[in-house]
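K.L.:
If it helps, the file is called structure.txt and holds compact mmCIF, N, CA and C atoms:
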```txt
# COMPACT_ATOMS: atom_id res chain seq x y z
N MET A 1 6.80 35.95 -10.15
CA MET A 1 6.55 34.61 -9.69
C MET A 1 7.74 34.15 -8.86
N LEU A 2 7.46 33.62 -7.69
CA LEU A 2 8.52 33.19 -6.80
C LEU A 2 9.03 31.79 -7.14
N ASN A 3 8.14 30.92 -7.58
CA ASN A 3 8.54 29.54 -7.89
C ASN A 3 8.82 29.43 -9.39
N THR A 4 10.05 29.62 -9.76
CA THR A 4 10.41 29.53 -11.18
C THR A 4 10.87 28.14 -11.57
N ARG A 5 11.03 27.26 -10.60
CA ARG A 5 11.52 25.92 -10.86
C ARG A 5 10.43 24.97 -11.37
N ALA A 6 9.20 25.17 -10.93
CA ALA A 6 8.04 24.38 -11.33
C ALA A 6 8.25 22.88 -11.13
N ALA A 7 8.73 22.50 -9.96
CA ALA A 7 8.94 21.08 -9.65
C ALA A 7 7.63 20.31 -9.62
N THR A 8 6.53 21.02 -9.47
CA THR A 8 5.23 20.36 -9.45
C THR A 8 4.52 20.50 -10.79
N ASP A 9 5.27 20.67 -11.85
CA ASP A 9 4.73 20.80 -13.19
C ASP A 9 3.83 19.61 -13.51
N ALA A 10 2.60 19.87 -13.90
CA ALA A 10 1.61 18.82 -14.16
C ALA A 10 2.04 17.86 -15.26
N ARG A 11 2.94 18.26 -16.12
CA ARG A 11 3.40 17.37 -17.19
C ARG A 11 4.12 16.15 -16.62
N HIS A 12 4.60 16.23 -15.39
CA HIS A 12 5.31 15.12 -14.76
C HIS A 12 4.43 14.29 -13.84
N SER A 13 3.15 14.65 -13.70
CA SER A 13 2.27 13.90 -12.81
C SER A 13 2.00 12.51 -13.38
N ARG A 14 1.68 11.59 -12.51
CA ARG A 14 1.50 10.20 -12.88
C ARG A 14 0.05 9.78 -12.65
N ALA A 15 -0.40 8.77 -13.36
CA ALA A 15 -1.76 8.24 -13.22
C ALA A 15 -1.67 6.75 -12.90
N GLY A 16 -2.83 6.14 -12.67
CA GLY A 16 -2.86 4.72 -12.33
C GLY A 16 -2.22 3.83 -13.37
N LYS A 17 -2.24 4.24 -14.63
CA LYS A 17 -1.63 3.43 -15.69
C LYS A 17 -0.12 3.33 -15.54
N ASP A 18 0.46 4.17 -14.71
CA ASP A 18 1.91 4.22 -14.51
C ASP A 18 2.35 3.46 -13.26
N ALA A 19 1.44 2.67 -12.69
CA ALA A 19 1.76 1.98 -11.44
C ALA A 19 1.38 0.50 -11.53
N MET A 20 2.01 -0.31 -10.69
CA MET A 20 1.71 -1.74 -10.63
C MET A 20 2.13 -2.25 -9.26
N ILE A 21 1.49 -3.33 -8.84
CA ILE A 21 1.89 -4.00 -7.61
C ILE A 21 2.25 -5.44 -7.97
N TYR A 22 3.32 -5.94 -7.35
CA TYR A 22 3.87 -7.25 -7.65
C TYR A 22 3.91 -8.10 -6.39
N ASP A 23 3.83 -9.44 -6.57
CA ASP A 23 4.01 -10.34 -5.45
C ASP A 23 5.50 -10.56 -5.20
N GLU A 24 5.82 -11.41 -4.23
CA GLU A 24 7.22 -11.60 -3.84
C GLU A 24 8.07 -12.26 -4.91
N LYS A 25 7.45 -12.91 -5.88
CA LYS A 25 8.19 -13.54 -6.98
C LYS A 25 8.33 -12.61 -8.19
N GLY A 26 7.79 -11.39 -8.07
CA GLY A 26 7.88 -10.44 -9.17
C GLY A 26 6.75 -10.55 -10.17
N ASN A 27 5.73 -11.35 -9.85
CA ASN A 27 4.57 -11.47 -10.74
C ASN A 27 3.63 -10.29 -10.52
N ALA A 28 3.21 -9.67 -11.61
CA ALA A 28 2.27 -8.56 -11.52
C ALA A 28 0.92 -9.07 -11.06
N LEU A 29 0.31 -8.37 -10.11
CA LEU A 29 -1.05 -8.69 -9.71
C LEU A 29 -1.97 -7.98 -10.70
N ALA A 30 -2.08 -8.56 -11.89
CA ALA A 30 -2.68 -7.90 -13.05
C ALA A 30 -4.16 -7.61 -12.88
N GLN A 31 -4.85 -8.29 -11.98
CA GLN A 31 -6.26 -8.03 -11.76
C GLN A 31 -6.47 -6.82 -10.85
N ALA A 32 -5.41 -6.28 -10.27
CA ALA A 32 -5.56 -5.19 -9.31
C ALA A 32 -6.12 -3.95 -9.99
N GLU A 33 -7.18 -3.42 -9.42
CA GLU A 33 -7.73 -2.15 -9.90
C GLU A 33 -7.07 -0.99 -9.17
N SER A 34 -6.76 -1.22 -7.89
CA SER A 34 -6.12 -0.17 -7.10
C SER A 34 -5.37 -0.79 -5.94
N PHE A 35 -4.38 -0.06 -5.47
CA PHE A 35 -3.74 -0.42 -4.22
C PHE A 35 -3.36 0.86 -3.51
N THR A 36 -3.47 0.82 -2.18
CA THR A 36 -3.06 1.96 -1.37
C THR A 36 -2.26 1.42 -0.19
N THR A 37 -1.30 2.19 0.24
CA THR A 37 -0.58 1.87 1.47
C THR A 37 -0.61 3.12 2.33
N ASN A 38 -0.82 2.94 3.62
CA ASN A 38 -0.91 4.05 4.56
C ASN A 38 -0.08 3.78 5.79
N ALA A 39 0.61 4.81 6.25
CA ALA A 39 1.33 4.75 7.52
C ALA A 39 0.50 5.46 8.58
N SER A 40 0.32 4.82 9.71
CA SER A 40 -0.44 5.39 10.82
C SER A 40 0.49 5.53 12.02
N PHE A 41 0.77 6.76 12.40
CA PHE A 41 1.65 7.02 13.54
C PHE A 41 0.81 7.09 14.81
N ASN A 42 1.21 6.32 15.80
CA ASN A 42 0.51 6.25 17.08
C ASN A 42 1.41 6.85 18.14
N ASN A 43 1.06 8.03 18.59
CA ASN A 43 1.88 8.76 19.55
C ASN A 43 1.30 8.65 20.95
N ASN A 44 2.15 8.86 21.94
CA ASN A 44 1.71 8.95 23.34
C ASN A 44 1.61 10.41 23.72
N ASN A 45 0.53 10.76 24.39
CA ASN A 45 0.33 12.13 24.86
C ASN A 45 0.82 12.25 26.30
N TYR A 46 1.35 13.42 26.62
CA TYR A 46 1.72 13.69 28.01
C TYR A 46 1.73 15.20 28.24
N THR A 47 1.59 15.56 29.48
CA THR A 47 1.62 16.97 29.88
C THR A 47 2.58 17.10 31.05
N PRO A 48 3.74 17.72 30.83
CA PRO A 48 4.68 17.91 31.95
C PRO A 48 4.10 18.84 33.01
N LEU A 49 4.50 18.62 34.24
CA LEU A 49 4.08 19.52 35.31
C LEU A 49 4.49 20.94 34.98
N GLY A 50 3.62 21.87 35.29
CA GLY A 50 3.92 23.27 35.09
C GLY A 50 3.63 23.77 33.68
N GLN A 51 3.10 22.92 32.81
CA GLN A 51 2.73 23.36 31.45
C GLN A 51 1.25 23.13 31.22
N ASN A 52 0.67 23.96 30.37
CA ASN A 52 -0.73 23.78 30.03
C ASN A 52 -0.90 23.21 28.61
N ARG A 53 0.21 22.80 28.01
CA ARG A 53 0.16 22.22 26.67
C ARG A 53 0.30 20.71 26.73
N GLU A 54 -0.49 20.04 25.91
CA GLU A 54 -0.34 18.60 25.77
C GLU A 54 0.69 18.34 24.68
N LEU A 55 1.64 17.47 24.96
CA LEU A 55 2.70 17.14 24.01
C LEU A 55 2.55 15.70 23.55
N GLU A 56 3.22 15.37 22.48
CA GLU A 56 3.21 14.00 21.98
C GLU A 56 4.63 13.53 21.72
N VAL A 57 4.83 12.23 21.93
CA VAL A 57 6.10 11.61 21.61
C VAL A 57 5.79 10.37 20.77
N ASN A 58 6.62 10.13 19.77
CA ASN A 58 6.40 9.01 18.87
C ASN A 58 6.46 7.69 19.62
N ASN A 59 5.51 6.82 19.33
CA ASN A 59 5.46 5.51 19.96
C ASN A 59 5.61 4.41 18.91
N THR A 60 4.60 4.23 18.08
CA THR A 60 4.64 3.17 17.07
C THR A 60 4.15 3.70 15.73
N VAL A 61 4.45 2.95 14.69
CA VAL A 61 3.90 3.24 13.37
C VAL A 61 3.41 1.93 12.77
N GLY A 62 2.23 1.97 12.19
CA GLY A 62 1.66 0.79 11.54
C GLY A 62 1.47 1.09 10.07
N VAL A 63 1.67 0.08 9.22
CA VAL A 63 1.50 0.26 7.78
C VAL A 63 0.44 -0.70 7.29
N LYS A 64 -0.57 -0.17 6.60
CA LYS A 64 -1.65 -0.95 6.02
C LYS A 64 -1.50 -0.97 4.51
N VAL A 65 -1.79 -2.13 3.91
CA VAL A 65 -1.81 -2.29 2.47
C VAL A 65 -3.23 -2.70 2.09
N ASN A 66 -3.85 -1.95 1.19
CA ASN A 66 -5.19 -2.27 0.72
C ASN A 66 -5.15 -2.46 -0.79
N ILE A 67 -5.68 -3.60 -1.23
CA ILE A 67 -5.67 -3.92 -2.65
C ILE A 67 -7.09 -4.27 -3.07
N THR A 68 -7.55 -3.65 -4.15
CA THR A 68 -8.84 -4.00 -4.74
C THR A 68 -8.56 -4.63 -6.08
N GLU A 69 -9.14 -5.81 -6.30
CA GLU A 69 -8.93 -6.47 -7.58
C GLU A 69 -10.26 -6.68 -8.28
N ILE A 70 -10.21 -6.69 -9.60
CA ILE A 70 -11.37 -6.98 -10.43
C ILE A 70 -11.48 -8.50 -10.52
N VAL A 71 -12.69 -9.02 -10.35
CA VAL A 71 -12.88 -10.46 -10.37
C VAL A 71 -12.89 -10.95 -11.82
N VAL A 72 -11.82 -11.62 -12.19
CA VAL A 72 -11.70 -12.25 -13.50
C VAL A 72 -11.58 -13.75 -13.28
N LEU A 73 -10.74 -14.11 -12.35
CA LEU A 73 -10.56 -15.50 -11.94
C LEU A 73 -10.15 -15.48 -10.48
N ASP A 74 -10.11 -16.63 -9.87
CA ASP A 74 -9.68 -16.70 -8.46
C ASP A 74 -8.17 -16.53 -8.44
N GLY A 75 -7.74 -15.30 -8.19
CA GLY A 75 -6.34 -14.93 -8.28
C GLY A 75 -5.55 -15.17 -7.02
N PHE A 76 -4.34 -14.66 -7.02
CA PHE A 76 -3.35 -14.84 -5.96
C PHE A 76 -3.92 -14.51 -4.58
N LEU A 77 -4.47 -13.31 -4.41
CA LEU A 77 -4.94 -12.89 -3.09
C LEU A 77 -6.16 -13.69 -2.63
N PHE A 78 -7.09 -13.95 -3.54
CA PHE A 78 -8.27 -14.74 -3.18
C PHE A 78 -7.85 -16.13 -2.71
N ASN A 79 -6.95 -16.77 -3.44
CA ASN A 79 -6.49 -18.11 -3.06
C ASN A 79 -5.76 -18.09 -1.72
N LYS A 80 -4.95 -17.04 -1.48
CA LYS A 80 -4.27 -16.91 -0.18
C LYS A 80 -5.29 -16.72 0.95
N LEU A 81 -6.32 -15.90 0.68
CA LEU A 81 -7.35 -15.64 1.69
C LEU A 81 -8.12 -16.92 2.03
N MET A 82 -8.53 -17.66 1.01
CA MET A 82 -9.27 -18.89 1.26
C MET A 82 -8.41 -19.91 2.00
N GLY A 83 -7.12 -19.97 1.67
CA GLY A 83 -6.21 -20.85 2.40
C GLY A 83 -6.05 -20.44 3.85
N ALA A 84 -6.03 -19.11 4.09
CA ALA A 84 -5.91 -18.60 5.45
C ALA A 84 -7.13 -18.96 6.28
N ILE A 85 -8.32 -18.87 5.66
CA ILE A 85 -9.54 -19.22 6.37
C ILE A 85 -9.52 -20.71 6.72
N ALA A 86 -9.13 -21.53 5.78
CA ALA A 86 -9.09 -22.99 6.01
C ALA A 86 -8.06 -23.37 7.07
N ALA A 87 -6.91 -22.70 7.03
CA ALA A 87 -5.82 -23.04 7.96
C ALA A 87 -5.95 -22.34 9.31
N GLY A 88 -6.73 -21.28 9.37
CA GLY A 88 -6.86 -20.52 10.61
C GLY A 88 -5.66 -19.64 10.90
N GLU A 89 -4.84 -19.40 9.89
CA GLU A 89 -3.65 -18.57 10.06
C GLU A 89 -3.34 -17.86 8.75
N SER A 90 -2.98 -16.60 8.84
CA SER A 90 -2.68 -15.82 7.64
C SER A 90 -1.31 -16.17 7.07
N PRO A 91 -1.22 -16.27 5.75
CA PRO A 91 0.10 -16.42 5.14
C PRO A 91 0.87 -15.11 5.27
N VAL A 92 2.17 -15.18 5.16
CA VAL A 92 3.03 -14.00 5.20
C VAL A 92 3.44 -13.71 3.77
N MET A 93 3.18 -12.48 3.32
CA MET A 93 3.40 -12.12 1.92
C MET A 93 4.28 -10.88 1.81
N THR A 94 4.94 -10.74 0.68
CA THR A 94 5.74 -9.57 0.36
C THR A 94 5.21 -8.97 -0.94
N PHE A 95 5.08 -7.65 -0.97
CA PHE A 95 4.60 -6.95 -2.15
C PHE A 95 5.57 -5.85 -2.52
N THR A 96 5.60 -5.50 -3.80
CA THR A 96 6.37 -4.36 -4.28
C THR A 96 5.44 -3.46 -5.06
N GLY A 97 5.35 -2.20 -4.65
CA GLY A 97 4.58 -1.20 -5.38
C GLY A 97 5.53 -0.38 -6.23
N VAL A 98 5.16 -0.19 -7.50
CA VAL A 98 6.03 0.51 -8.45
C VAL A 98 5.25 1.61 -9.16
N ILE A 99 5.87 2.79 -9.24
CA ILE A 99 5.34 3.89 -10.06
C ILE A 99 6.43 4.27 -11.05
N GLU A 100 6.07 4.29 -12.33
CA GLU A 100 7.01 4.62 -13.40
C GLU A 100 6.97 6.12 -13.68
N GLY A 101 8.15 6.75 -13.78
CA GLY A 101 8.24 8.15 -14.15
C GLY A 101 8.38 8.32 -15.65
N ARG A 102 8.15 9.51 -16.14
CA ARG A 102 8.26 9.79 -17.58
C ARG A 102 9.71 9.65 -18.07
N ASN A 103 10.66 9.86 -17.19
CA ASN A 103 12.07 9.84 -17.58
C ASN A 103 12.72 8.48 -17.36
N GLY A 104 11.93 7.45 -17.11
CA GLY A 104 12.48 6.12 -16.89
C GLY A 104 12.79 5.83 -15.43
N SER A 105 12.67 6.81 -14.55
CA SER A 105 12.90 6.56 -13.12
C SER A 105 11.71 5.79 -12.56
N GLN A 106 11.92 5.18 -11.41
CA GLN A 106 10.86 4.43 -10.74
C GLN A 106 10.85 4.74 -9.26
N GLU A 107 9.65 4.77 -8.70
CA GLU A 107 9.51 4.70 -7.25
C GLU A 107 9.16 3.24 -6.98
N ARG A 108 9.99 2.56 -6.21
CA ARG A 108 9.80 1.13 -5.93
C ARG A 108 9.88 0.94 -4.42
N VAL A 109 8.75 0.54 -3.81
CA VAL A 109 8.66 0.34 -2.37
C VAL A 109 8.31 -1.12 -2.10
N VAL A 110 9.09 -1.77 -1.22
CA VAL A 110 8.87 -3.17 -0.87
C VAL A 110 8.23 -3.23 0.51
N TYR A 111 7.12 -3.99 0.59
CA TYR A 111 6.38 -4.20 1.83
C TYR A 111 6.54 -5.66 2.22
N ARG A 112 7.23 -5.92 3.33
CA ARG A 112 7.54 -7.28 3.75
C ARG A 112 6.65 -7.74 4.90
N GLU A 113 6.50 -9.05 4.98
CA GLU A 113 5.79 -9.71 6.07
C GLU A 113 4.37 -9.16 6.25
N CYS A 114 3.62 -9.09 5.14
CA CYS A 114 2.24 -8.63 5.18
C CYS A 114 1.31 -9.80 5.49
N ILE A 115 0.35 -9.55 6.38
CA ILE A 115 -0.66 -10.55 6.72
C ILE A 115 -2.04 -9.92 6.59
N PHE A 116 -3.06 -10.75 6.39
CA PHE A 116 -4.42 -10.24 6.33
C PHE A 116 -4.78 -9.59 7.66
N SER A 117 -5.49 -8.47 7.59
CA SER A 117 -5.87 -7.73 8.80
C SER A 117 -7.20 -7.03 8.52
N GLY A 118 -8.15 -7.18 9.41
CA GLY A 118 -9.44 -6.52 9.20
C GLY A 118 -10.27 -7.27 8.17
N ASP A 119 -11.12 -6.54 7.47
CA ASP A 119 -12.07 -7.14 6.54
C ASP A 119 -11.47 -7.30 5.15
N SER A 120 -11.65 -8.48 4.56
CA SER A 120 -11.31 -8.74 3.16
C SER A 120 -12.52 -9.42 2.53
N ASP A 121 -12.78 -9.10 1.26
CA ASP A 121 -13.94 -9.64 0.56
C ASP A 121 -13.71 -11.08 0.11
N ILE A 122 -14.75 -11.89 0.27
CA ILE A 122 -14.78 -13.21 -0.35
C ILE A 122 -15.60 -13.09 -1.63
N GLN A 123 -16.84 -12.65 -1.51
CA GLN A 123 -17.66 -12.32 -2.67
C GLN A 123 -18.34 -11.00 -2.37
N ASN A 124 -18.26 -10.08 -3.30
CA ASN A 124 -18.84 -8.75 -3.15
C ASN A 124 -19.59 -8.46 -4.45
N VAL A 125 -20.89 -8.71 -4.44
CA VAL A 125 -21.67 -8.68 -5.67
C VAL A 125 -22.76 -7.62 -5.60
N SER A 126 -22.89 -6.83 -6.67
CA SER A 126 -24.01 -5.90 -6.80
C SER A 126 -24.41 -5.83 -8.27
N THR A 127 -25.69 -5.68 -8.51
CA THR A 127 -26.23 -5.66 -9.87
C THR A 127 -25.70 -4.46 -10.65
N GLY A 128 -25.29 -4.72 -11.89
CA GLY A 128 -24.89 -3.64 -12.79
C GLY A 128 -23.51 -3.09 -12.54
N ASP A 129 -22.68 -3.76 -11.76
CA ASP A 129 -21.35 -3.25 -11.47
C ASP A 129 -20.31 -4.32 -11.80
N VAL A 130 -19.08 -3.89 -12.02
CA VAL A 130 -17.98 -4.82 -12.20
C VAL A 130 -17.70 -5.45 -10.84
N LEU A 131 -17.56 -6.76 -10.81
CA LEU A 131 -17.30 -7.44 -9.55
C LEU A 131 -15.87 -7.20 -9.10
N LYS A 132 -15.72 -6.86 -7.83
CA LYS A 132 -14.41 -6.53 -7.26
C LYS A 132 -14.29 -7.17 -5.89
N ARG A 133 -13.05 -7.37 -5.49
CA ARG A 133 -12.75 -7.84 -4.14
C ARG A 133 -11.73 -6.90 -3.52
N ALA A 134 -11.96 -6.55 -2.26
CA ALA A 134 -11.02 -5.69 -1.53
C ALA A 134 -10.33 -6.53 -0.46
N PHE A 135 -9.02 -6.36 -0.36
CA PHE A 135 -8.21 -7.08 0.61
C PHE A 135 -7.48 -6.08 1.49
N ALA A 136 -7.51 -6.33 2.80
CA ALA A 136 -6.82 -5.47 3.76
C ALA A 136 -5.71 -6.27 4.42
N LEU A 137 -4.51 -5.68 4.43
CA LEU A 137 -3.35 -6.35 5.02
C LEU A 137 -2.60 -5.40 5.94
N HIS A 138 -1.87 -5.97 6.87
CA HIS A 138 -0.99 -5.19 7.74
C HIS A 138 0.45 -5.62 7.46
N CYS A 139 1.33 -4.65 7.35
CA CYS A 139 2.73 -4.93 7.05
C CYS A 139 3.51 -5.00 8.36
N ASN A 140 4.05 -6.19 8.67
CA ASN A 140 4.81 -6.39 9.90
C ASN A 140 6.31 -6.23 9.71
N GLY A 141 6.77 -6.28 8.48
CA GLY A 141 8.20 -6.25 8.22
C GLY A 141 8.71 -4.88 7.83
N LYS A 142 9.97 -4.87 7.50
CA LYS A 142 10.64 -3.63 7.10
C LYS A 142 10.11 -3.17 5.74
N ILE A 143 9.94 -1.87 5.62
CA ILE A 143 9.52 -1.27 4.36
C ILE A 143 10.73 -0.58 3.75
N ASP A 144 11.04 -0.93 2.52
CA ASP A 144 12.21 -0.37 1.85
C ASP A 144 11.80 0.46 0.65
N ASN A 145 12.33 1.66 0.58
CA ASN A 145 12.18 2.49 -0.62
C ASN A 145 13.39 2.20 -1.50
N LYS A 146 13.26 1.21 -2.38
CA LYS A 146 14.37 0.73 -3.19
C LYS A 146 14.81 1.71 -4.27
N LYS A 147 13.84 2.42 -4.85
CA LYS A 147 14.15 3.41 -5.90
C LYS A 147 13.28 4.62 -5.69
N LYS A 148 13.78 5.77 -6.13
CA LYS A 148 13.06 7.03 -5.97
C LYS A 148 12.67 7.60 -7.33
N LEU A 149 11.47 8.18 -7.37
CA LEU A 149 10.95 8.81 -8.57
C LEU A 149 11.57 10.19 -8.71
N THR A 150 12.04 10.52 -9.90
CA THR A 150 12.64 11.83 -10.16
C THR A 150 12.00 12.43 -11.41
N ILE A 151 12.25 13.72 -11.61
CA ILE A 151 11.82 14.35 -12.87
C ILE A 151 13.01 14.95 -13.57
```
Please lay out the structure from this file as structure tokens.

P.N.:
Amino acid sequence: MLNTRAATDARHSRAGKDAMIYDEKGNALAQAESFTTNASFNNNNYTPLGQNRELEVNNTVGVKVNITEIVVLDGFLFNKLMGAIAAGESPVMTFTGVIEGRNGSQERVVYRECIFSGDSDIQNVSTGDVLKRAFALHCNGKIDNKKKLTI
């Protein structure tokens, strides 16, 4: 066996129970069923004279935050969304995503200056299912990896 270190040992893998997302005041968004953040790199293509290969150079990167919450009460994100609709302008929010490691370490990432972007649910109802709301946000501010997960 070439990999004797086993850094990807399944005993150290994490599940949803080991993660949480917090608002800018440090309050847990306890109704959250899931959250995802994605970085989208937008490159420019070019082909120099005399070459038959298309090349890319980095241009911009966008970060999206998606949060799905279980409808228990009109929570933080729903109230922010309804206020944004009434005011005609999105509030600016900060979130912290945290994953707890088995050894007490944490992965802690801060997403600053997030605003609503794209589609967010007001009411999403279907028979026989738990009611949920999905919120889509775009992160305009600096993203900080405050702590790193270790094994």

K.L.:
Would you mind listing what lies within 9 Å of stretch 32-48 of chain A as a ChimeraX atom specification, with only C-alpha atoms counted and same-chain residues fewer than 4 positions away left out?

P.N.:
/A:16,20-21,28,52-70,97,132

K.L.:
Could you pull the residues within 5 Å of A:Ser117, counting all atoms listed in the file, minus those fewer than 3 positions along the same chain, as an MDAnalysis selection string?

P.N.:
chainID A and resid 136:138

K.L.:
Those same residues - N, CA and C atoms - I'd like them written as a PDB file, in the frame of the given file.

P.N.:
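Written file, again.pdb:
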```
ATOM      1  N   ALA A 136      -7.510  -6.330   2.800  1.00  0.00           N
ATOM      2  CA  ALA A 136      -6.820  -5.470   3.760  1.00  0.00           C
ATOM      3  C   ALA A 136      -5.710  -6.270   4.420  1.00  0.00           C
ATOM      4  N   LEU A 137      -4.510  -5.680   4.430  1.00  0.00           N
ATOM      5  CA  LEU A 137      -3.350  -6.350   5.020  1.00  0.00           C
ATOM      6  C   LEU A 137      -2.600  -5.400   5.940  1.00  0.00           C
ATOM      7  N   HIS A 138      -1.870  -5.970   6.870  1.00  0.00           N
ATOM      8  CA  HIS A 138      -0.990  -5.190   7.740  1.00  0.00           C
ATOM      9  C   HIS A 138       0.450  -5.620   7.460  1.00  0.00           C
TER      10      HIS A 138
END
```

K.L.:
Where in chain A does DSSP assign helix (DSSP H, G or I), given as a PyMOL selection string?

P.N.:
chain A and resi 10-12+16-18+76-87

K.L.:
Looking only at the backbone, which of the residues in stretch 16-120 of chain A does DSSP tag as strand (DSSP E or B), as a ChimeraX atom specification?

P.N.:
/A:19-22,28,32-46,55-70,93-100,106-116

K.L.:
Could you put an axis-aligned box around every listed atom of stretch 79-98 of chain A, padded by 3 Å on each side, and send me its centre and edge lengths in Å to one decimal, as JSON?

P.N.:
```
{"center_x": -1.6, "center_y": -10.9, "center_z": 0.9, "size_x": 21.9, "size_y": 31.0, "size_z": 26.1}
```

K.L.:
Hey, can you pull every residue with an atom no more than 8 Å from (-10.1, -12.3, -0.8), using all atoms listed in the file, and send it as a list in words?

P.N.:
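Collected hits near the coordinates: Phe76, Leu77, Phe78, Asn79, Lys80, Leu81, Met82, Asp119, Ser120, Asp121, Ile122, Gln123, Arg133, Ala134, Phe135 and Ala136 of chain A.
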
K.L.:
Which residue, A:Asn124, A:Arg108, A:Arg14, A:Gly88, has the smallest gap to A:Leu149 when you use only N, CA and C atoms?

P.N.:
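Once distances to A:Leu149 are computed over only N, CA and C atoms, the minimum belongs to A:Arg108.
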
K.L.:
Which distance in Å separates atom N of A:Cys114 and atom C of A:Gly101, to one decimal?

P.N.:
27.5 Å

K.L.:
Have a look at A:Ala19, A:Gly50, A:Asp144, A:Leu29 and name the one nearest to A:Asp74; count only C-alpha atoms.

P.N.:
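Among A:Ala19, A:Gly50, A:Asp144, A:Leu29, it is A:Leu29 that comes nearest to A:Asp74.
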
K.L.:
Have a look at A:Asn145, A:Asn140, A:Ser126, A:Gln31 and name the one nearest to A:Val110; count only N, CA and C atoms.

P.N.:
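Checking each candidate against A:Val110, we get A:Asn145 as the closest.
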
K.L.:
I'd like to know which of A:Asp9, A:Ile115, A:Thr96, A:Ile151 is closest to A:Asp23, using all atoms listed in the file.

P.N.:
A:Thr96

K.L.:
Kindly give the distance, in Å, that separates atom N of A:Val130 and atom N of A:Leu73, rounded to a single decimal.

P.N.:
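So the two atoms, atom N of A:Val130 and atom N of A:Leu73, lie 13.2 Å apart.
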
K.L.:
Which neighbours of A:Gly141 fall inside 7 Å, counting only C-alpha atoms, when residues of the same chain fewer than 5 positions from it are skipped, and could you give them as a list in words?

P.N.:
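Counting only the stated atoms, we get Tyr111, Arg112 and Glu113 of chain A.
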
K.L.:
Just how far from atom C of A:Gly104 is atom CA of A:Lys25, in Å to one decimal?

P.N.:
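These atoms are spaced 21.6 Å apart.
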
K.L.:
Quick one: of A:Leu131, A:Cys139, A:Ala10, A:Leu49, who's nearest to A:Val72, counting only N, CA and C atoms?

P.N.:
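Looking only at the distances to A:Val72, the closest residue turns out to be A:Leu131.
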
K.L.:
Is there a way to complete stretch 73-77 of chain A with all heavy atoms and then write that out as a compact mmCIF listing (two decimals), in the frame of the given file?

P.N.:
```txt
# COMPACT_ATOMS: atom_id res chain seq x y z
N LEU A 73 -10.74 -14.11 -12.35
CA LEU A 73 -10.56 -15.50 -11.94
C LEU A 73 -10.15 -15.48 -10.48
O LEU A 73 -9.91 -14.42 -9.91
CB LEU A 73 -9.52 -16.21 -12.81
CG LEU A 73 -8.15 -15.53 -13.00
CD1 LEU A 73 -7.20 -15.84 -11.87
CD2 LEU A 73 -7.55 -15.97 -14.32
N ASP A 74 -10.11 -16.63 -9.87
CA ASP A 74 -9.68 -16.70 -8.46
C ASP A 74 -8.17 -16.53 -8.44
O ASP A 74 -7.42 -17.46 -8.66
CB ASP A 74 -10.09 -18.03 -7.83
CG ASP A 74 -11.59 -18.13 -7.65
OD1 ASP A 74 -12.27 -17.09 -7.75
OD2 ASP A 74 -12.09 -19.24 -7.41
N GLY A 75 -7.74 -15.30 -8.19
CA GLY A 75 -6.34 -14.93 -8.28
C GLY A 75 -5.55 -15.17 -7.02
O GLY A 75 -6.01 -15.80 -6.05
N PHE A 76 -4.34 -14.66 -7.02
CA PHE A 76 -3.35 -14.84 -5.96
C PHE A 76 -3.92 -14.51 -4.58
O PHE A 76 -3.87 -15.33 -3.67
CB PHE A 76 -2.13 -13.95 -6.28
CG PHE A 76 -1.10 -13.90 -5.19
CD1 PHE A 76 -0.21 -14.95 -5.02
CD2 PHE A 76 -1.01 -12.81 -4.35
CE1 PHE A 76 0.75 -14.91 -4.01
CE2 PHE A 76 -0.05 -12.75 -3.34
CZ PHE A 76 0.82 -13.81 -3.17
N LEU A 77 -4.47 -13.31 -4.41
CA LEU A 77 -4.94 -12.89 -3.09
C LEU A 77 -6.16 -13.69 -2.63
O LEU A 77 -6.25 -14.06 -1.46
CB LEU A 77 -5.24 -11.39 -3.08
CG LEU A 77 -4.00 -10.52 -3.05
CD1 LEU A 77 -4.35 -9.07 -3.36
CD2 LEU A 77 -3.31 -10.61 -1.70
```
